[in-house]
$ cat my_file24.csv   # CSV, C-alpha atoms
chain,number,residue,atom,x,y,z
W,18,MET,CA,0.0,0.0,0.0
W,19,GLU,CA,1.2,3.5,-0.9
W,20,THR,CA,0.6,4.8,2.6
W,21,THR,CA,2.8,2.3,4.4
W,22,THR,CA,6.0,3.1,2.4
W,23,GLN,CA,5.8,6.7,1.4
W,24,THR,CA,4.9,9.8,3.3
W,25,ASP,CA,4.6,13.6,2.9
W,26,PHE,CA,2.3,13.9,-0.1
W,27,ILE,CA,-1.1,15.2,-1.2
W,28,LYS,CA,-3.2,12.7,-3.1
W,29,PHE,CA,-6.2,14.1,-5.0
W,30,LEU,CA,-8.8,11.4,-5.0
W,31,GLY,CA,-11.1,13.7,-7.0
W,32,THR,CA,-11.2,17.3,-8.3
W,33,ALA,CA,-14.9,17.7,-8.9
W,34,GLY,CA,-16.8,20.7,-7.6
W,35,ALA,CA,-20.5,21.8,-7.8
W,36,ARG,CA,-23.5,19.6,-8.4
W,37,ILE,CA,-23.4,19.0,-12.2
W,38,VAL,CA,-19.7,17.9,-12.3
W,39,VAL,CA,-20.2,15.6,-9.3
W,40,SER,CA,-23.5,14.1,-10.4
W,41,LYS,CA,-22.2,13.4,-13.9
W,42,GLN,CA,-18.8,12.4,-12.5
W,43,LEU,CA,-17.1,14.5,-15.2
W,44,ARG,CA,-14.4,14.7,-12.5
W,45,ALA,CA,-14.1,12.3,-9.6
W,46,SER,CA,-15.3,13.6,-6.2
W,47,GLY,CA,-13.3,11.6,-3.6
W,48,GLY,CA,-11.7,14.4,-1.7
W,49,ILE,CA,-8.0,14.8,-0.7
W,50,TRP,CA,-5.7,12.4,1.2
W,51,TYR,CA,-2.8,14.1,3.1
W,52,SER,CA,0.2,12.2,4.4
W,53,LEU,CA,2.0,14.5,6.9
W,54,HIS,CA,5.1,13.1,8.6
W,55,GLY,CA,3.4,9.6,8.6
W,56,PHE,CA,0.0,10.9,9.8
W,57,ASN,CA,-2.7,10.2,7.3
W,58,VAL,CA,-5.8,12.5,7.2
W,59,LEU,CA,-8.6,12.5,4.7
W,60,VAL,CA,-10.3,15.8,3.9
W,61,ASP,CA,-13.9,16.0,2.5
W,62,PRO,CA,-14.7,12.4,1.4
W,63,GLY,CA,-17.2,13.1,-1.3
W,64,PRO,CA,-19.1,10.6,-3.5
W,65,GLY,CA,-16.9,7.7,-4.6
W,66,CYS,CA,-14.1,8.3,-2.1
W,67,LEU,CA,-13.8,4.6,-1.1
W,68,VAL,CA,-13.8,3.5,-4.7
W,69,ARG,CA,-11.1,6.0,-5.6
W,70,CYS,CA,-8.9,4.9,-2.7
W,71,LEU,CA,-9.1,1.3,-3.7
W,72,SER,CA,-8.7,1.9,-7.4
W,73,SER,CA,-5.7,4.2,-7.0
W,74,ARG,CA,-2.4,2.8,-8.2
W,75,PRO,CA,-0.9,2.1,-5.8
W,76,LYS,CA,-3.9,1.6,-3.6
W,77,MET,CA,-4.7,3.9,-0.7
W,78,ASP,CA,-5.5,1.7,2.3
W,79,PRO,CA,-8.3,3.2,4.4
W,80,MET,CA,-7.0,1.3,7.4
W,81,GLN,CA,-3.9,3.5,7.3
W,82,LEU,CA,-6.1,6.6,7.9
W,83,ASP,CA,-5.6,8.4,11.3
W,84,ALA,CA,-8.3,11.1,10.9
W,85,ILE,CA,-11.1,12.4,8.7
W,86,ILE,CA,-11.9,16.1,8.4
W,87,LEU,CA,-15.1,17.6,7.0
W,88,SER,CA,-14.7,21.2,6.0
W,89,HIS,CA,-18.5,21.3,5.8
W,90,ARG,CA,-21.6,19.1,5.4
W,91,HIS,CA,-22.4,19.4,1.7
W,92,LEU,CA,-22.7,16.1,-0.1
W,93,ASP,CA,-19.9,16.8,-2.6
W,94,HIS,CA,-17.6,17.0,0.5
W,95,ALA,CA,-19.2,14.5,2.9
W,96,ALA,CA,-21.3,11.9,1.1
W,97,ASP,CA,-18.8,9.1,1.8
W,98,VAL,CA,-17.9,10.0,5.4
W,99,ASN,CA,-19.8,7.1,6.8
W,100,VAL,CA,-18.4,4.5,4.6
W,101,MET,CA,-14.9,5.8,5.1
W,102,ILE,CA,-15.4,5.6,8.9
W,103,GLU,CA,-16.4,2.0,8.4
W,104,ALA,CA,-13.4,1.3,6.2
W,105,MET,CA,-11.0,3.1,8.5
W,106,THR,CA,-12.2,0.9,11.4
W,107,GLU,CA,-12.7,-2.4,9.6
W,108,GLY,CA,-16.5,-2.1,10.0
W,109,GLY,CA,-16.2,-0.9,13.5
W,110,PHE,CA,-14.2,-3.9,14.8
W,111,LYS,CA,-11.1,-1.9,15.3
W,112,LYS,CA,-12.0,1.3,17.1
W,113,ARG,CA,-9.6,4.0,16.0
W,114,GLY,CA,-9.2,7.4,14.4
W,115,THR,CA,-10.6,10.9,15.0
W,116,LEU,CA,-13.4,12.8,13.1
W,117,TYR,CA,-13.2,16.6,12.9
W,118,ALA,CA,-16.3,18.3,11.7
W,119,PRO,CA,-18.4,21.5,12.1
W,120,GLU,CA,-21.2,21.2,14.6
W,121,ASP,CA,-24.0,21.3,12.0
W,122,ALA,CA,-22.6,18.2,10.3
W,123,LEU,CA,-23.3,16.3,13.6
W,124,THR,CA,-26.5,17.8,14.9
W,125,GLU,CA,-29.7,18.7,13.1
W,126,ASP,CA,-30.1,16.6,9.9
W,127,PRO,CA,-26.6,15.1,10.5
W,128,VAL,CA,-24.5,13.8,7.7
W,129,VAL,CA,-22.6,11.5,10.1
W,130,PHE,CA,-24.7,8.5,11.2
W,131,HIS,CA,-25.0,8.0,14.9
W,132,TYR,CA,-24.1,4.3,14.7
W,133,VAL,CA,-20.7,4.9,13.0
W,134,ARG,CA,-19.8,7.5,15.6
W,135,ASN,CA,-19.1,4.6,18.0
W,136,TYR,CA,-16.6,3.1,15.7
W,137,ILE,CA,-14.1,6.0,16.1
W,138,THR,CA,-12.0,7.0,19.1
W,139,LYS,CA,-12.9,10.7,19.2
W,140,ILE,CA,-15.1,13.3,17.5
W,141,THR,CA,-14.0,16.9,17.7
W,142,ILE,CA,-16.1,19.8,16.6
W,143,ILE,CA,-14.1,22.4,14.7
W,144,LYS,CA,-14.6,26.1,15.2
W,145,GLU,CA,-13.3,29.4,13.9
W,146,GLY,CA,-9.8,30.0,15.4
W,147,GLY,CA,-9.4,26.4,16.4
W,148,ARG,CA,-6.1,24.5,16.6
W,149,TYR,CA,-6.0,20.7,16.7
W,150,GLN,CA,-3.0,18.5,17.4
W,151,LEU,CA,-2.7,15.5,15.0
W,152,SER,CA,0.7,14.1,16.1
W,153,ASP,CA,4.0,15.2,17.5
W,154,GLY,CA,4.8,18.5,15.6
W,155,VAL,CA,1.8,18.2,13.3
W,156,TYR,CA,-1.4,20.1,13.8
W,157,PHE,CA,-4.1,21.9,11.8
W,158,GLU,CA,-5.9,25.2,12.3
W,159,THR,CA,-9.3,26.4,11.2
W,160,PRO,CA,-8.6,30.1,11.2
W,161,LEU,CA,-11.7,31.5,9.6
W,162,LYS,CA,-15.4,30.7,9.1
W,163,HIS,CA,-16.1,31.0,5.4
W,164,GLN,CA,-19.0,32.7,3.7
W,165,HIS,CA,-20.9,29.6,2.5
W,166,PRO,CA,-24.5,28.4,3.0
W,167,SER,CA,-23.4,25.8,5.6
W,168,GLU,CA,-20.9,26.1,8.4
W,169,THR,CA,-17.6,25.9,6.6
W,170,TYR,CA,-13.9,26.2,7.6
W,171,GLY,CA,-10.7,26.4,5.6
W,172,ILE,CA,-7.6,24.5,6.9
W,173,ASN,CA,-4.0,25.2,7.6
W,174,PHE,CA,-1.7,22.2,8.1
W,175,ILE,CA,1.5,22.9,10.0
W,176,THR,CA,4.5,20.6,10.3
W,177,PRO,CA,8.1,21.2,11.2
W,178,GLU,CA,9.2,21.2,7.5
W,179,TYR,CA,6.3,22.6,5.5
W,180,THR,CA,2.9,24.2,5.7
W,181,ILE,CA,-0.2,23.7,3.6
W,182,SER,CA,-3.2,26.0,3.3
W,183,HIS,CA,-6.5,24.8,1.9
W,184,ILE,CA,-9.1,27.5,1.0
W,185,VAL,CA,-12.3,25.5,0.7
W,186,ASP,CA,-15.7,26.6,-0.6
W,187,THR,CA,-16.5,30.3,0.1
W,188,ARG,CA,-17.3,33.5,-1.6
W,189,TYR,CA,-14.4,36.0,-1.8
W,190,PHE,CA,-14.0,38.4,1.2
W,191,PRO,CA,-10.8,40.3,2.3
W,192,ASP,CA,-10.1,38.3,5.4
W,193,LEU,CA,-9.1,35.3,3.3
W,194,LEU,CA,-5.9,37.2,2.5
W,195,LYS,CA,-4.9,37.2,6.2
W,196,CYS,CA,-5.3,33.6,7.1
W,197,TYR,CA,-3.8,31.2,4.5
W,198,ASN,CA,0.0,31.6,4.2
W,199,GLY,CA,1.1,28.0,3.6
W,200,ASN,CA,4.0,27.2,1.4
W,201,THR,CA,1.6,25.1,-0.6
W,202,LEU,CA,-1.9,26.7,-1.2
W,203,ILE,CA,-4.9,24.7,-2.4
W,204,ILE,CA,-7.8,26.7,-3.7
W,205,ASN,CA,-11.3,25.4,-4.5
W,206,VAL,CA,-12.3,27.3,-7.6
W,207,VAL,CA,-15.7,26.3,-8.9
W,208,ARG,CA,-16.4,29.1,-11.3
W,209,TYR,CA,-14.2,30.5,-14.1
W,210,ASN,CA,-15.8,33.9,-13.9
W,211,ALA,CA,-19.0,35.6,-12.7
W,212,ASP,CA,-20.8,38.8,-13.6
W,213,ARG,CA,-21.9,41.3,-11.0
W,214,ASP,CA,-25.4,39.9,-10.6
W,215,THR,CA,-24.1,36.3,-10.2
W,216,ARG,CA,-21.6,37.3,-7.5
W,217,LYS,CA,-24.5,38.5,-5.3
W,218,TRP,CA,-25.5,34.9,-4.7
W,219,LEU,CA,-22.3,33.0,-5.7
W,220,TYR,CA,-20.7,31.3,-2.7
W,221,HIS,CA,-17.6,30.1,-4.6
W,222,LEU,CA,-14.4,31.6,-5.8
W,223,THR,CA,-13.6,32.5,-9.4
W,224,ILE,CA,-10.3,32.8,-11.2
W,225,ARG,CA,-10.4,36.6,-10.7
W,226,ASP,CA,-10.5,35.9,-7.0
W,227,VAL,CA,-7.7,33.3,-7.2
W,228,LYS,CA,-5.5,35.8,-9.0
W,229,GLU,CA,-6.0,38.4,-6.2
W,230,ILE,CA,-5.3,35.7,-3.6
W,231,VAL,CA,-2.1,34.3,-5.0
W,232,THR,CA,-0.6,37.7,-6.0
W,233,THR,CA,-1.1,38.8,-2.4
W,234,LEU,CA,0.0,35.6,-0.6
W,235,LYS,CA,2.6,34.5,-3.0
W,236,PRO,CA,2.7,30.8,-2.0
W,237,LYS,CA,5.6,28.6,-3.3
W,238,THR,CA,3.0,26.4,-5.2
W,239,THR,CA,-0.7,26.9,-5.8
W,240,LEU,CA,-2.9,23.9,-6.6
W,241,LEU,CA,-6.3,24.7,-8.2
W,242,ASN,CA,-9.0,22.2,-7.2
W,243,HIS,CA,-12.8,21.5,-7.1
W,244,PHE,CA,-13.8,22.5,-10.6
W,245,GLY,CA,-17.3,23.3,-11.7
W,246,MET,CA,-18.6,23.3,-15.3
W,247,THR,CA,-17.3,26.7,-16.3
W,248,MET,CA,-13.8,25.8,-15.1
W,249,LEU,CA,-13.9,22.5,-17.0
W,250,LYS,CA,-15.0,24.3,-20.2
W,251,ALA,CA,-12.1,26.7,-19.8
W,252,HIS,CA,-9.7,23.8,-19.4
W,253,PRO,CA,-8.1,24.0,-15.9
W,254,HIS,CA,-4.6,23.2,-17.0
W,255,GLN,CA,-4.6,26.1,-19.6
W,256,VAL,CA,-6.1,28.4,-17.0
W,257,ALA,CA,-3.3,27.5,-14.6
W,258,GLU,CA,-0.6,28.0,-17.2
W,259,GLN,CA,-2.0,31.4,-18.1
W,260,LEU,CA,-2.2,32.5,-14.4
W,261,SER,CA,1.4,31.3,-13.9
W,262,ALA,CA,2.5,33.4,-16.9
W,263,GLU,CA,0.6,36.5,-15.6
W,264,THR,CA,1.7,36.3,-12.0
W,265,GLY,CA,5.2,34.7,-12.3
W,266,LEU,CA,4.0,32.1,-9.7
W,267,ASN,CA,3.9,28.3,-9.8
W,268,ILE,CA,0.3,27.5,-10.3
W,269,ILE,CA,-0.9,23.9,-11.1
W,270,ALA,CA,-4.4,22.6,-11.9
W,271,ALA,CA,-4.9,19.4,-9.9
W,272,SER,CA,-6.2,16.3,-11.7
W,273,ASP,CA,-7.9,13.2,-10.5
W,274,GLY,CA,-5.4,10.8,-8.9
W,275,MET,CA,-2.6,13.4,-8.9
W,276,ARG,CA,0.0,13.1,-6.2
W,277,PHE,CA,1.9,16.1,-5.1
W,278,ASN,CA,5.2,15.5,-3.2
W,279,LEU,CA,5.6,17.8,-0.2
W,280,LYS,CA,9.4,17.2,0.1
W,281,LYS,CA,10.5,18.2,-3.4
$ encode --input "my_file24.csv" --output "structure tokens"
Amino acid sequence: METTTQTDFIKFLGTAGARIVVSKQLRASGGIWYSLHGFNVLVDPGPGCLVRCLSSRPKMDPMQLDAIILSHRHLDHAADVNVMIEAMTEGGFKKRGTLYAPEDALTEDPVVFHYVRNYITKITIIKEGGRYQLSDGVYFETPLKHQHPSETYGINFITPEYTISHIVDTRYFPDLLKCYNGNTLIINVVRYNADRDTRKWLYHLTIRDVKEIVTTLKPKTTLLNHFGMTMLKAHPHQVAEQLSAETGLNIIAASDGMRFNLKK
């Protein structure tokens, strides 16, 4: 299994964003697997996450997971959370692991079933300004509540050697520029562009937003992720290349199954 022999990578189990791309599986929607100094954490296991883990080459063994994080409760981010808890714990026979999730994912109309909650060692409710220890020297922060229809938090992973920031679903607002200073920056960018009327109800970032974010924060590498239809029609790799040329920064469009080495 990949996770038993190699560490310090990001594995994109899927790069789909928004309802149409997910429902038609134009891109896979399995979420992201982070290996951080030997600690394995799965973020946002959307539809098909388990299948994507087991069909990866080499396979990603769910029993190697130490934690699962939900940034928010929407189905494209959380539909496979229950089956991944079962897989992580061998059907509940090996109680282990931690689930981190916003409160509304666990309370009214929960996305995490009550019976699988007994399979894991601990459930932690994440909040704005939270800091959570994963292992010795490795932790994550949820610095900011995002502007999204459900309770949503971006993530900063901190290790002794590198930092990763993940700006998940949100509409643009200036505080984003204060909170995500990782060496590697992952940005969920559903829409290619949006007119003034669309932006009034749009709760996702556009490429114009991405350009402002990266030119301000200047991460070592930016990975674009979570694409909707307008992004797919614009061809994410071409968009990333154009942004790199315009900004002079290293910007990459993630693809399904892509592995990014954190110790290059």
$ atom_distance --input "my_file24.csv" --atom1 "CA of Gly265 in chain W" --atom2 "CA of Phe157 in chain W"
28.8 Å
$ closest_atom_pairs --input "my_file24.csv" --of "range 86-147 of chain W" --to "range 28-51 of chain W" --cutoff "9 Å" --atoms "only C-alpha atoms" --output "tab-separated table"
residue	atom	partner	partner_atom	distance
W:Asp93	CA	W:Ser46	CA	6.7
W:His94	CA	W:Gly48	CA	6.8
W:Ala95	CA	W:Gly48	CA	8.8
W:Asp97	CA	W:Gly47	CA	8.1
$ atom_distance --input "my_file24.csv" --atom1 "CA of Cys196 in chain W" --atom2 "CA of Ile230 in chain W"
10.9 Å
$ closest_residue --input "my_file24.csv" --among "W:Val129, W:Leu59, W:Pro160, W:Lys281" --to "Tyr179 in chain W" --atoms "only C-alpha atoms"
W:Lys281
$ residues_around --input "my_file24.csv" --residues "Glu158 in chain W" --least-positions-apart "3" --cutoff "12 Å" --atoms "only C-alpha atoms" --output "PyMOL selection string"
chain W and resi 86+88+117+143-151+155+161-162+170-176+180-184+196-199
$ closest_residue --input "my_file24.csv" --among "W:Arg90, W:Arg188, W:Val207, W:Val100" --to "Glu125 in chain W" --atoms "all atoms listed in the file"
W:Arg90
$ residues_around --input "my_file24.csv" --residues "Leu219 in chain W" --least-positions-apart "6" --cutoff "12 Å" --atoms "all atoms listed in the file" --output "PyMOL selection string"
chain W and resi 35+164-166+186-189+206-213
$ residues_around --input "my_file24.csv" --residues "Val227 in chain W" --least-positions-apart "4" --cutoff "10 Å" --atoms "all atoms listed in the file" --output "PyMOL selection string"
chain W and resi 189+204-206+209+222-223+231-233+239+241+260
$ residues_near_point --input "my_file24.csv" --point "(-13.6, 14.9, 16.2)" --cutoff "12 Å" --atoms "all atoms listed in the file" --output "mmCIF file with C-alpha atoms, in the coordinates of the input"
data_model
loop_
_atom_site.group_PDB
_atom_site.id
_atom_site.type_symbol
_atom_site.label_atom_id
_atom_site.label_comp_id
_atom_site.auth_asym_id
_atom_site.auth_seq_id
_atom_site.Cartn_x
_atom_site.Cartn_y
_atom_site.Cartn_z
ATOM 1 C CA ASP W 83 -5.600 8.400 11.300
ATOM 2 C CA ALA W 84 -8.300 11.100 10.900
ATOM 3 C CA ILE W 85 -11.100 12.400 8.700
ATOM 4 C CA ILE W 86 -11.900 16.100 8.400
ATOM 5 C CA LEU W 87 -15.100 17.600 7.000
ATOM 6 C CA ILE W 102 -15.400 5.600 8.900
ATOM 7 C CA ARG W 113 -9.600 4.000 16.000
ATOM 8 C CA GLY W 114 -9.200 7.400 14.400
ATOM 9 C CA THR W 115 -10.600 10.900 15.000
ATOM 10 C CA LEU W 116 -13.400 12.800 13.100
ATOM 11 C CA TYR W 117 -13.200 16.600 12.900
ATOM 12 C CA ALA W 118 -16.300 18.300 11.700
ATOM 13 C CA PRO W 119 -18.400 21.500 12.100
ATOM 14 C CA GLU W 120 -21.200 21.200 14.600
ATOM 15 C CA ALA W 122 -22.600 18.200 10.300
ATOM 16 C CA LEU W 123 -23.300 16.300 13.600
ATOM 17 C CA VAL W 129 -22.600 11.500 10.100
ATOM 18 C CA ARG W 134 -19.800 7.500 15.600
ATOM 19 C CA ASN W 135 -19.100 4.600 18.000
ATOM 20 C CA ILE W 137 -14.100 6.000 16.100
ATOM 21 C CA THR W 138 -12.000 7.000 19.100
ATOM 22 C CA LYS W 139 -12.900 10.700 19.200
ATOM 23 C CA ILE W 140 -15.100 13.300 17.500
ATOM 24 C CA THR W 141 -14.000 16.900 17.700
ATOM 25 C CA ILE W 142 -16.100 19.800 16.600
ATOM 26 C CA ILE W 143 -14.100 22.400 14.700
ATOM 27 C CA LYS W 144 -14.600 26.100 15.200
ATOM 28 C CA TYR W 149 -6.000 20.700 16.700
ATOM 29 C CA GLN W 150 -3.000 18.500 17.400
ATOM 30 C CA LEU W 151 -2.700 15.500 15.000
#
$ atom_distance --input "my_file24.csv" --atom1 "CA of Pro191 in chain W" --atom2 "CA of Ala270 in chain W"
23.6 Å
$ residues_around --input "my_file24.csv" --residues "Gln255 in chain W" --least-positions-apart "2" --cutoff "12 Å" --atoms "only C-alpha atoms" --output "JSON, numbers by chain"
{"W": [209, 241, 248, 249, 250, 251, 252, 253, 257, 258, 259, 260, 261, 262, 268, 269, 270, 271]}
$ closest_residue --input "my_file24.csv" --among "W:Lys76, W:His91, W:His243, W:Asn99" --to "His131 in chain W" --atoms "only C-alpha atoms"
W:Asn99
$ closest_residue --input "my_file24.csv" --among "W:Thr201, W:Leu92, W:Gln23, W:Leu234" --to "Pro75 in chain W" --atoms "all atoms listed in the file"
W:Gln23
$ axis_aligned_box --input "my_file24.csv" --around "range 271-277 of chain W" --padding-each-side "8 Å" --output "AutoDock Vina command-line options"
--center_x -3.0 --center_y 15.1 --center_z -8.4 --size_x 25.8 --size_y 24.6 --size_z 22.6
$ closest_residue --input "my_file24.csv" --among "W:Lys228, W:Lys280, W:His89, W:Lys111" --to "Val60 in chain W" --atoms "only C-alpha atoms"
W:His89
$ closest_residue --input "my_file24.csv" --among "W:Arg74, W:Gln81, W:Pro177, W:Phe130" --to "Ser152 in chain W" --atoms "only C-alpha atoms"
W:Pro177
